[in-house]
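Single-structure report; data block below.
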Protein chains: 6
Amino acid sequence: MAVVLYPGSFDPVHNGHMEIVETASRLFDEVVVAAMRNPQKGEPLFTLAEREDMIREVFAHLDNVKVTMFSSLVVDLARDVGADFIVKGLRAVSDFESELQMAQMNHAISGVDTLFIPSASEHSFLASKLIREIARFGGDVGSMVPRAVSARLVGKYVKDAD
Amino acid sequence: MAVVLYPGSFDPVHNGHMEIVETASRLFDEVVVAAMRNPQKGEPLFTLAEREDMIREVFAHLDNVKVTMFSSLVVDLARDVGADFIVKGLRAVSDFESELQMAQMNHAISGVDTLFIPSASEHSFLASKLIREIARFGGDVGSMVPRAVSARLVGKYVKDAD
Amino acid sequence: MAVVLYPGSFDPVHNGHMEIVETASRLFDEVVVAAMRNPQKGEPLFTLAEREDMIREVFAHLDNVKVTMFSSLVVDLARDVGADFIVKGLRAVSDFESELQMAQMNHAISGVDTLFIPSASEHSFLASKLIREIARFGGDVGSMVPRAVSARLVGKYVKDAD
Amino acid sequence: MAVVLYPGSFDPVHNGHMEIVETASRLFDEVVVAAMRNPQKGEPLFTLAEREDMIREVFAHLDNVKVTMFSSLVVDLARDVGADFIVKGLRAVSDFESELQMAQMNHAISGVDTLFIPSASEHSFLASKLIREIARFGGDVGSMVPRAVSARLVGKYVKDAD
Amino acid sequence: MAVVLYPGSFDPVHNGHMEIVETASRLFDEVVVAAMRNPQKGEPLFTLAEREDMIREVFAHLDNVKVTMFSSLVVDLARDVGADFIVKGLRAVSDFESELQMAQMNHAISGVDTLFIPSASEHSFLASKLIREIARFGGDVGSMVPRAVSARLVGKYVKDAD
Amino acid sequence: MAVVLYPGSFDPVHNGHMEIVETASRLFDEVVVAAMRNPQKGEPLFTLAEREDMIREVFAHLDNVKVTMFSSLVVDLARDVGADFIVKGLRAVSDFESELQMAQMNHAISGVDTLFIPSASEHSFLASKLIREIARFGGDVGSMVPRAVSARLVGKYVKDAD
């Protein structure tokens, strides 16, 4: 029985994230998707509660996917939820180096392993930061995020523009 | 008749930018240089109007170069100015990945293509951020920026130091 | 009137190459696709004549695409065919560095420029070397190469296996 | 019950490989280590049978590790041994790009996934090619390979020197 | 008599920095370790004076290591302390590009050279930013920083949490 | 008194190598330039003796540069010539990873350190392999290699063409 933890900011969750979770859901017994409060990254677009809501809705069809929030060390969360290891997506070289560094530090302080799932190439260019940027200027991100997210992105910027 | 769009922050325009525009001006019929308002990058050193002024002055000798400002999606601007495609400079690997990502997202939302012009190697280390840093401490950036820019850089920091 | 040169080994031509040529054909007036004799790369799978045949067949629907072979410096060929510049595809970081190096050397010896067209991400993993490898072991490369190529790949390895 | 396939050349197996297998053995139910015949890489130092022998000896203490040889497509082997997915080690950026490319092509032709296990940083510089090079000149590779391998490396080069 | 300058933020100094200084101290006659005031990086965790204190304590056993603070151009500091060249550590590819860019700009404005000392691989994942992050959440960084630093890191976050 | 070893293939020595040696000659007391017999790289264009001749001629004006040949481990040579450390040039990211790997293995087997000297950006695209390629097709490499080398390159290919 393999339990894996998939942590991230998910501000917002996009099709590249969906693909990683669907792969993990197929390969492992249980996937815990954990949205993190990351004060380092500045003010998020969606609150942590909004992000959790969207993630729940988006993965509702996958029975072995659980959703949670956290504001602790990811390796402490891994132990709390009984995860055998952490999974992260890998898109590009720049991802790779910072993710490898984090994986090695996480292993050094806790013994918890990280495994990497490569993005399918058609999703490799997706990034929450660029999606927020496009949505802010009214661009169409419908092909990049689940329907539940695109509606809220539009609402967010319309509301903000009031 | 090929029209190309060259967007950027240009805070300030430097010799690496000049080389890209001169190459594009030689290869294509019209080059639109567009300075963008980028709230993501924090407070710029030069206002958008100052940057536009410097760009105009620096490219005044090139008849087929037009200068504009924008604060919209770059692909919307591309359509507005009738550009056939976007051109970007490429200096280094770290440039390459983020530029490739942006090019792919821009293509996905609009069908607009991006072509890359490699920097001549003697300019490959130039970056506006480092140039601002050197000028702030009184270092000599005369070999890195056009004369019109170096004078204003000195003025900017002298004024700020008052 | 912009004429561009697209040189390569094309052993064999694949869907990633097709995408670059189709983009270039749309953006420029004439595209010269040139298959090179490259003694450095060891014995090719397809002879230069076979490669030229396949390229002609694959791009027959594009009126402004011409096909040629060469065994000289690419910058000499560029001058011979009257190309305004060279275009190359860019898939990944490892591509980028060696292509940038070649572009800079070509510019240094001849003044000829090279522009880069990024691969659409769904083709970014395609490489002739891996395609030959898969075909050699009887794997299905039908989704990676044009129909004209997949038939000949099968024939090549069946014949070789006799 | 998760079965994973760990393919490679293993010419020879070194401490970086050992670490990946030990991690996989701890995280998954069964690990199939498969040494491949790779005519592309030129003449190997150790025959396939010698490599298989060394791998067997080196992993004899791990009950859930099986060893095999193959000269087919890795995705065909994955199906033959009932593997749920392939695992590969990741040391460095240059690894990452070629491994990602192979993972994406393997997924495209078969649907088989590849997961990446990062090397612990103290093993990140190990590579069979450099180990062979050092051993050939009589350098001490005792800290880089299991004891079973270092003895044979010495024997190989002493014998060759006769 | 070779004098080298090792500049950095050192917020805080960690085992990767220690290794670079120990190597430089062994290879050269005098090493000047210089902690910089870097307004670009936002509010530091430790004040410049605290960082200087920790660096002094950590390198007290090395007679040819001097410690200083600076808030000027690093090349001006190099001249002021009579350094023959600057040394920087290199961990990873992402380091390499930005460091190379800075080295080239520094050479362009002053003629001062920069030499790179590679991190031993067991330290290659260490980064002050991640160490601060782990300490902030109460993780154990004892294996990553000198004892003098880990005590103060704990104190810093306990005090901040009051 | 610092003695440094600069090993390489130098087939042939080019302006990028010259720049590294000139920098090392300025910074250190003695520089040993060592041309290696590398059976791994296939048949060289110039014999080891020819390469040594060209290196001697090219660095004749630098009193503290010595030239030698070797076909052993570079770390053994470092000890034989009394070098304090090895120096290598760094041009690009792809260089960096393989050089870092070699530096770490060399340190692991001998304790010998390697320091990296970045190429000035105007030489960053130079590579012996591409220079041989251009010369083979009659291209002009006069701006890339010392005069002593360009004459011999022409002679080499004219002779070969007989």
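Residues in the structure tokens are numbered from 1 in each chain, the chains being A, B, ... in the order shown, and ligands are numbered from 1 in the order shown.
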Name the residues of region 17-162 of chain D that fall into strand (DSSP E or B) according to DSSP on the backbone, using the chain letters and numbers of this document, as a PDB file with C-alpha atoms, in the first residue's frame.
```
ATOM      1  CA  GLU D  30       9.805  -5.629  -6.494  1.00  0.00           C
ATOM      2  CA  VAL D  31      12.662  -4.109  -8.478  1.00  0.00           C
ATOM      3  CA  VAL D  32      13.806  -5.652 -11.771  1.00  0.00           C
ATOM      4  CA  VAL D  33      17.342  -4.498 -12.632  1.00  0.00           C
ATOM      5  CA  ALA D  34      17.900  -5.026 -16.365  1.00  0.00           C
ATOM      6  CA  ALA D  35      21.304  -4.770 -18.059  1.00  0.00           C
ATOM      7  CA  MET D  36      20.954  -3.892 -21.701  1.00  0.00           C
ATOM      8  CA  VAL D  65      15.539  -7.266  -6.430  1.00  0.00           C
ATOM      9  CA  LYS D  66      15.572  -9.412  -9.562  1.00  0.00           C
ATOM     10  CA  VAL D  67      18.217  -9.197 -12.287  1.00  0.00           C
ATOM     11  CA  THR D  68      17.815  -9.751 -16.019  1.00  0.00           C
ATOM     12  CA  MET D  69      19.381  -8.896 -19.382  1.00  0.00           C
ATOM     13  CA  PHE D  70      17.659  -7.533 -22.468  1.00  0.00           C
ATOM     14  CA  PHE D  85       6.569   1.728 -14.381  1.00  0.00           C
ATOM     15  CA  ILE D  86      10.230   2.370 -15.143  1.00  0.00           C
ATOM     16  CA  VAL D  87      12.558   4.112 -12.657  1.00  0.00           C
ATOM     17  CA  LYS D  88      15.674   6.034 -13.631  1.00  0.00           C
ATOM     18  CA  GLY D  89      18.220   7.905 -11.549  1.00  0.00           C
ATOM     19  CA  LEU D  90      18.779  11.618 -12.091  1.00  0.00           C
ATOM     20  CA  THR D 114       8.943   6.642 -16.060  1.00  0.00           C
ATOM     21  CA  LEU D 115       9.612   8.015 -12.576  1.00  0.00           C
ATOM     22  CA  PHE D 116      12.893   9.634 -11.594  1.00  0.00           C
ATOM     23  CA  ILE D 117      14.816   9.049  -8.361  1.00  0.00           C
ATOM     24  CA  PRO D 118      17.353  11.814  -7.659  1.00  0.00           C
TER      25      PRO D 118
END
```
Give me, as CSV, each residue of chain A that comes within 12 Å of chain D, together with its shortest interatomic pair and the distance in Å at one decimal, counting only C-alpha atoms, with rows ordered by chain and rising residue number.
```
residue,atom,partner,partner_atom,distance
A:Met1,CA,D:Met1,CA,7.3
A:Ala2,CA,D:Phe28,CA,8.0
A:Val3,CA,D:Leu27,CA,10.2
A:Val4,CA,D:Leu27,CA,10.6
A:Ile20,CA,D:Leu115,CA,11.1
A:Glu22,CA,D:Asp113,CA,11.9
A:Thr23,CA,D:Asp113,CA,8.3
A:Ala24,CA,D:Leu115,CA,10.1
A:Arg26,CA,D:Asp84,CA,9.6
A:Leu27,CA,D:Asp84,CA,7.0
A:Phe28,CA,D:Ala2,CA,8.0
A:Asp29,CA,D:Met1,CA,9.5
A:Ala83,CA,D:Leu27,CA,10.8
A:Asp84,CA,D:Leu27,CA,7.0
A:Phe85,CA,D:Leu27,CA,7.9
A:Ile86,CA,D:Ile117,CA,10.9
A:Val87,CA,D:Leu115,CA,9.3
A:Lys88,CA,D:Phe116,CA,9.8
A:Gly89,CA,D:Leu115,CA,9.7
A:Leu90,CA,D:Leu100,CA,8.9
A:Arg91,CA,D:Leu100,CA,8.9
A:Ala92,CA,D:Glu97,CA,8.1
A:Val93,CA,D:Val93,CA,6.3
A:Ser94,CA,D:Val93,CA,8.9
A:Asp95,CA,D:Val93,CA,10.2
A:Phe96,CA,D:Val93,CA,7.3
A:Glu97,CA,D:Val93,CA,7.3
A:Ser98,CA,D:Val93,CA,11.0
A:Glu99,CA,D:Pro118,CA,9.6
A:Leu100,CA,D:Pro118,CA,6.7
A:Gln101,CA,D:Ser121,CA,9.0
A:Met102,CA,D:Pro118,CA,10.7
A:Ala103,CA,D:Pro118,CA,7.7
A:Gln104,CA,D:Ala120,CA,6.6
A:Met105,CA,D:Ser121,CA,9.9
A:Asn106,CA,D:Ala120,CA,11.2
A:His107,CA,D:Ala120,CA,8.6
A:Ala108,CA,D:Ala120,CA,9.3
A:Gly111,CA,D:Thr23,CA,10.8
A:Val112,CA,D:Thr23,CA,10.6
A:Asp113,CA,D:Thr23,CA,8.2
A:Thr114,CA,D:Ile117,CA,7.0
A:Leu115,CA,D:Ile117,CA,5.1
A:Phe116,CA,D:Phe116,CA,4.8
A:Ile117,CA,D:Leu115,CA,5.1
A:Pro118,CA,D:Leu100,CA,6.7
A:Ser119,CA,D:Gln104,CA,8.5
A:Ala120,CA,D:Gln104,CA,6.6
A:Ser121,CA,D:Gln104,CA,7.1
A:Glu122,CA,D:Gln104,CA,10.3
A:His123,CA,D:Gln104,CA,11.8
A:Ser124,CA,D:Leu100,CA,11.1
```
For those residues, write N, CA and C atoms to a file as a compact mmCIF listing (two decimals), in the first residue's frame.
```txt
# COMPACT_ATOMS: atom_id res chain seq x y z
N MET A 1 0.85 -1.21 0.00
CA MET A 1 0.00 0.00 0.00
C MET A 1 0.88 1.25 0.00
N ALA A 2 0.98 1.90 -1.19
CA ALA A 2 1.84 3.07 -1.30
C ALA A 2 1.02 4.36 -1.23
N VAL A 3 1.37 5.21 -0.27
CA VAL A 3 0.74 6.52 -0.13
C VAL A 3 1.77 7.58 -0.54
N VAL A 4 1.37 8.48 -1.45
CA VAL A 4 2.31 9.52 -1.88
C VAL A 4 1.74 10.89 -1.62
N ILE A 20 -0.20 15.17 -13.48
CA ILE A 20 0.66 14.52 -12.48
C ILE A 20 -0.20 13.73 -11.49
N GLU A 22 -3.23 12.56 -11.90
CA GLU A 22 -3.85 11.40 -12.54
C GLU A 22 -2.86 10.26 -12.72
N THR A 23 -1.62 10.59 -13.08
CA THR A 23 -0.60 9.54 -13.18
C THR A 23 -0.35 8.91 -11.81
N ALA A 24 -0.18 9.73 -10.78
CA ALA A 24 0.09 9.21 -9.44
C ALA A 24 -1.08 8.37 -8.94
N ARG A 26 -3.08 6.61 -10.68
CA ARG A 26 -3.06 5.35 -11.40
C ARG A 26 -1.96 4.41 -10.89
N LEU A 27 -0.82 5.00 -10.50
CA LEU A 27 0.33 4.17 -10.13
C LEU A 27 0.36 3.80 -8.65
N PHE A 28 -0.25 4.64 -7.78
CA PHE A 28 -0.12 4.40 -6.35
C PHE A 28 -1.48 4.25 -5.70
N ASP A 29 -1.48 3.77 -4.44
CA ASP A 29 -2.75 3.45 -3.78
C ASP A 29 -3.49 4.70 -3.30
N ALA A 83 2.77 9.32 4.39
CA ALA A 83 3.23 9.16 3.00
C ALA A 83 4.53 8.36 2.95
N ASP A 84 4.62 7.47 1.96
CA ASP A 84 5.86 6.72 1.75
C ASP A 84 6.92 7.59 1.09
N PHE A 85 6.47 8.51 0.26
CA PHE A 85 7.41 9.45 -0.36
C PHE A 85 6.62 10.61 -0.95
N ILE A 86 7.38 11.63 -1.38
CA ILE A 86 6.81 12.82 -2.00
C ILE A 86 6.90 12.64 -3.52
N VAL A 87 5.92 13.12 -4.27
CA VAL A 87 6.07 13.18 -5.73
C VAL A 87 6.00 14.64 -6.18
N LYS A 88 6.83 14.96 -7.17
CA LYS A 88 6.81 16.29 -7.76
C LYS A 88 6.81 16.13 -9.28
N GLY A 89 6.22 17.08 -9.97
CA GLY A 89 6.28 17.07 -11.42
C GLY A 89 7.58 17.72 -11.89
N LEU A 90 8.05 17.33 -13.06
CA LEU A 90 9.25 17.96 -13.63
C LEU A 90 8.91 18.40 -15.03
N ARG A 91 9.03 19.69 -15.32
CA ARG A 91 8.78 20.19 -16.66
C ARG A 91 10.07 20.49 -17.40
N ALA A 92 10.96 21.21 -16.72
CA ALA A 92 12.07 21.79 -17.46
C ALA A 92 13.31 21.81 -16.60
N VAL A 93 14.43 22.15 -17.22
CA VAL A 93 15.70 22.13 -16.54
C VAL A 93 15.70 23.05 -15.31
N SER A 94 15.08 24.20 -15.44
CA SER A 94 15.11 25.14 -14.32
C SER A 94 14.32 24.58 -13.14
N ASP A 95 13.19 23.92 -13.43
CA ASP A 95 12.49 23.17 -12.39
C ASP A 95 13.44 22.18 -11.71
N PHE A 96 14.13 21.45 -12.57
CA PHE A 96 14.89 20.29 -12.11
C PHE A 96 15.89 20.66 -11.03
N GLU A 97 16.63 21.75 -11.24
CA GLU A 97 17.67 22.06 -10.29
C GLU A 97 17.13 22.47 -8.93
N SER A 98 16.08 23.29 -8.92
CA SER A 98 15.59 23.72 -7.62
C SER A 98 14.84 22.58 -6.93
N GLU A 99 14.16 21.76 -7.73
CA GLU A 99 13.46 20.62 -7.14
C GLU A 99 14.46 19.59 -6.59
N LEU A 100 15.56 19.37 -7.31
CA LEU A 100 16.58 18.43 -6.86
C LEU A 100 17.19 18.91 -5.55
N GLN A 101 17.43 20.21 -5.48
CA GLN A 101 18.00 20.79 -4.27
C GLN A 101 17.05 20.60 -3.08
N MET A 102 15.77 20.86 -3.31
CA MET A 102 14.80 20.68 -2.23
C MET A 102 14.69 19.21 -1.83
N ALA A 103 14.70 18.33 -2.83
CA ALA A 103 14.61 16.89 -2.54
C ALA A 103 15.79 16.44 -1.68
N GLN A 104 16.98 16.96 -2.00
CA GLN A 104 18.16 16.54 -1.25
C GLN A 104 18.15 17.11 0.17
N MET A 105 17.69 18.37 0.32
CA MET A 105 17.60 18.93 1.67
C MET A 105 16.52 18.19 2.47
N ASN A 106 15.40 17.90 1.84
CA ASN A 106 14.34 17.18 2.55
C ASN A 106 14.82 15.80 3.00
N HIS A 107 15.59 15.14 2.12
CA HIS A 107 16.13 13.82 2.50
C HIS A 107 17.11 13.97 3.66
N ALA A 108 17.93 15.02 3.61
CA ALA A 108 18.95 15.21 4.65
C ALA A 108 18.33 15.45 6.02
N GLY A 111 15.05 11.98 5.93
CA GLY A 111 15.07 10.66 5.32
C GLY A 111 13.94 10.42 4.34
N VAL A 112 13.03 11.42 4.18
CA VAL A 112 11.91 11.26 3.25
C VAL A 112 12.40 11.42 1.80
N ASP A 113 12.03 10.47 0.92
CA ASP A 113 12.44 10.52 -0.49
C ASP A 113 11.46 11.34 -1.33
N THR A 114 11.96 11.83 -2.46
CA THR A 114 11.12 12.50 -3.45
C THR A 114 11.31 11.81 -4.79
N LEU A 115 10.21 11.48 -5.46
CA LEU A 115 10.30 10.94 -6.82
C LEU A 115 9.69 11.94 -7.79
N PHE A 116 10.24 11.97 -8.99
CA PHE A 116 9.79 12.96 -9.98
C PHE A 116 9.01 12.30 -11.10
N ILE A 117 7.88 12.92 -11.44
CA ILE A 117 7.05 12.47 -12.56
C ILE A 117 7.17 13.51 -13.67
N PRO A 118 7.72 13.11 -14.83
CA PRO A 118 7.88 14.10 -15.90
C PRO A 118 6.53 14.52 -16.47
N SER A 119 6.39 15.81 -16.80
CA SER A 119 5.18 16.30 -17.47
C SER A 119 5.13 15.75 -18.88
N ALA A 120 3.94 15.39 -19.31
CA ALA A 120 3.77 15.10 -20.73
C ALA A 120 4.15 16.37 -21.47
N SER A 121 4.77 16.22 -22.64
CA SER A 121 5.34 17.41 -23.26
C SER A 121 4.28 18.44 -23.63
N GLU A 122 3.06 18.04 -23.90
CA GLU A 122 2.09 19.07 -24.30
C GLU A 122 1.69 19.96 -23.11
N HIS A 123 2.05 19.59 -21.88
CA HIS A 123 1.77 20.44 -20.73
C HIS A 123 3.02 21.12 -20.18
N SER A 124 4.14 20.88 -20.83
CA SER A 124 5.40 21.28 -20.20
C SER A 124 5.54 22.79 -20.08
```
Q: For region 143-148 of chain C, please output as a PyMOL selection string all residues within 8 Å (counting only C-alpha atoms; exclusion window: fewer than 4 positions along the same chain).
A: chain C and resi 13-15+54+57-58+126+131+152
Within 12 Å of region 71-76 of chain F, which residues of region 56-152 of chain D show up? Give each one with its shortest atom-to-atom distance in Å (one decimal) and the two atoms involved, counting only C-alpha atoms, rows by chain then rising residue number, as CSV.
```
residue,atom,partner,partner_atom,distance
D:Leu130,CA,F:Leu73,CA,11.1
D:Ile131,CA,F:Leu73,CA,11.7
D:Arg132,CA,F:Leu73,CA,11.8
D:Glu133,CA,F:Leu73,CA,8.5
D:Ile134,CA,F:Leu73,CA,6.9
D:Ala135,CA,F:Leu73,CA,9.5
D:Arg136,CA,F:Leu73,CA,9.1
D:Phe137,CA,F:Ser72,CA,6.0
D:Gly138,CA,F:Leu73,CA,8.3
D:Gly139,CA,F:Leu73,CA,7.4
D:Asp140,CA,F:Leu73,CA,10.9
```
Take the residues from that selection and put them in a file with all heavy atoms, as a CSV table (one decimal), in the first residue's frame.
```
chain,number,residue,atom,x,y,z
D,130,LEU,N,33.6,7.5,-16.7
D,130,LEU,CA,34.7,8.1,-16.0
D,130,LEU,C,35.4,7.0,-15.1
D,130,LEU,O,36.6,7.0,-15.0
D,130,LEU,CB,34.3,9.3,-15.2
D,130,LEU,CG,34.0,10.6,-16.0
D,130,LEU,CD1,33.6,11.7,-15.1
D,130,LEU,CD2,35.1,11.0,-16.9
D,131,ILE,N,34.6,6.1,-14.5
D,131,ILE,CA,35.2,5.1,-13.7
D,131,ILE,C,36.1,4.2,-14.5
D,131,ILE,O,37.2,3.8,-14.1
D,131,ILE,CB,34.1,4.3,-13.0
D,131,ILE,CG1,33.4,5.2,-11.9
D,131,ILE,CG2,34.6,3.0,-12.4
D,131,ILE,CD1,32.2,4.7,-11.3
D,132,ARG,N,35.6,3.8,-15.7
D,132,ARG,CA,36.4,3.0,-16.6
D,132,ARG,C,37.7,3.7,-17.0
D,132,ARG,O,38.8,3.1,-17.0
D,132,ARG,CB,35.7,2.7,-17.9
D,132,ARG,CG,34.5,1.8,-17.7
D,132,ARG,CD,34.0,1.2,-19.1
D,132,ARG,NE,33.7,2.2,-20.1
D,132,ARG,CZ,32.5,2.8,-20.3
D,132,ARG,NH1,31.4,2.4,-19.5
D,132,ARG,NH2,32.3,3.7,-21.2
D,133,GLU,N,37.6,5.0,-17.2
D,133,GLU,CA,38.8,5.8,-17.6
D,133,GLU,C,39.8,5.8,-16.5
D,133,GLU,O,41.0,5.6,-16.7
D,133,GLU,CB,38.3,7.2,-17.9
D,133,GLU,CG,39.3,8.2,-18.4
D,133,GLU,CD,39.6,7.9,-19.9
D,133,GLU,OE1,38.9,7.1,-20.5
D,133,GLU,OE2,40.6,8.5,-20.4
D,134,ILE,N,39.3,6.0,-15.3
D,134,ILE,CA,40.3,6.1,-14.1
D,134,ILE,C,40.9,4.7,-13.9
D,134,ILE,O,42.1,4.6,-13.7
D,134,ILE,CB,39.5,6.5,-12.9
D,134,ILE,CG1,39.1,8.0,-13.0
D,134,ILE,CG2,40.4,6.3,-11.6
D,134,ILE,CD1,38.2,8.5,-11.9
D,135,ALA,N,40.1,3.7,-14.0
D,135,ALA,CA,40.6,2.3,-13.8
D,135,ALA,C,41.7,1.9,-14.8
D,135,ALA,O,42.7,1.3,-14.6
D,135,ALA,CB,39.5,1.3,-13.7
D,136,ARG,N,41.4,2.4,-16.0
D,136,ARG,CA,42.3,2.0,-17.2
D,136,ARG,C,43.7,2.6,-16.9
D,136,ARG,O,44.7,2.0,-17.3
D,136,ARG,CB,41.8,2.7,-18.5
D,136,ARG,CG,42.5,2.3,-19.7
D,136,ARG,CD,41.7,2.6,-20.9
D,136,ARG,NE,41.4,4.0,-21.1
D,136,ARG,CZ,42.1,4.8,-21.8
D,136,ARG,NH1,43.2,4.4,-22.4
D,136,ARG,NH2,41.8,6.1,-21.9
D,137,PHE,N,43.8,3.7,-16.2
D,137,PHE,CA,45.1,4.3,-15.9
D,137,PHE,C,45.6,3.9,-14.5
D,137,PHE,O,46.5,4.6,-14.0
D,137,PHE,CB,45.0,5.8,-16.1
D,137,PHE,CG,45.0,6.3,-17.5
D,137,PHE,CD1,43.9,7.0,-17.9
D,137,PHE,CD2,46.1,6.1,-18.3
D,137,PHE,CE1,43.8,7.5,-19.3
D,137,PHE,CE2,46.0,6.6,-19.6
D,137,PHE,CZ,44.9,7.3,-20.1
D,138,GLY,N,45.0,2.9,-13.9
D,138,GLY,CA,45.4,2.5,-12.6
D,138,GLY,C,45.0,3.3,-11.4
D,138,GLY,O,45.5,3.1,-10.3
D,139,GLY,N,44.1,4.2,-11.6
D,139,GLY,CA,43.6,5.0,-10.5
D,139,GLY,C,42.7,4.2,-9.6
D,139,GLY,O,42.2,3.1,-10.0
D,140,ASP,N,42.5,4.6,-8.3
D,140,ASP,CA,41.8,3.9,-7.3
D,140,ASP,C,40.3,4.2,-7.3
D,140,ASP,O,40.0,5.4,-6.9
D,140,ASP,CB,42.4,4.1,-6.0
D,140,ASP,CG,41.7,3.4,-4.9
D,140,ASP,OD1,40.8,2.5,-5.2
D,140,ASP,OD2,42.0,3.6,-3.7
```
Q.
Could you go through chain F and tell me which residues DSSP, when run on the backbone, assigns to alpha helix (DSSP H), listing them as a PyMOL selection string?
A. chain F and resi 15-27+48-58+74-80+93-110+128-136+147-161
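When CA of Pro12 (chain D) is paired with CA of Ser128 (chain D), their separation reads 6.0 Å.
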**Q.** Atomic separation - CA of Lys156 (chain D) relative to CA of Asp63 (chain D), Å
**A.** 29.3 Å
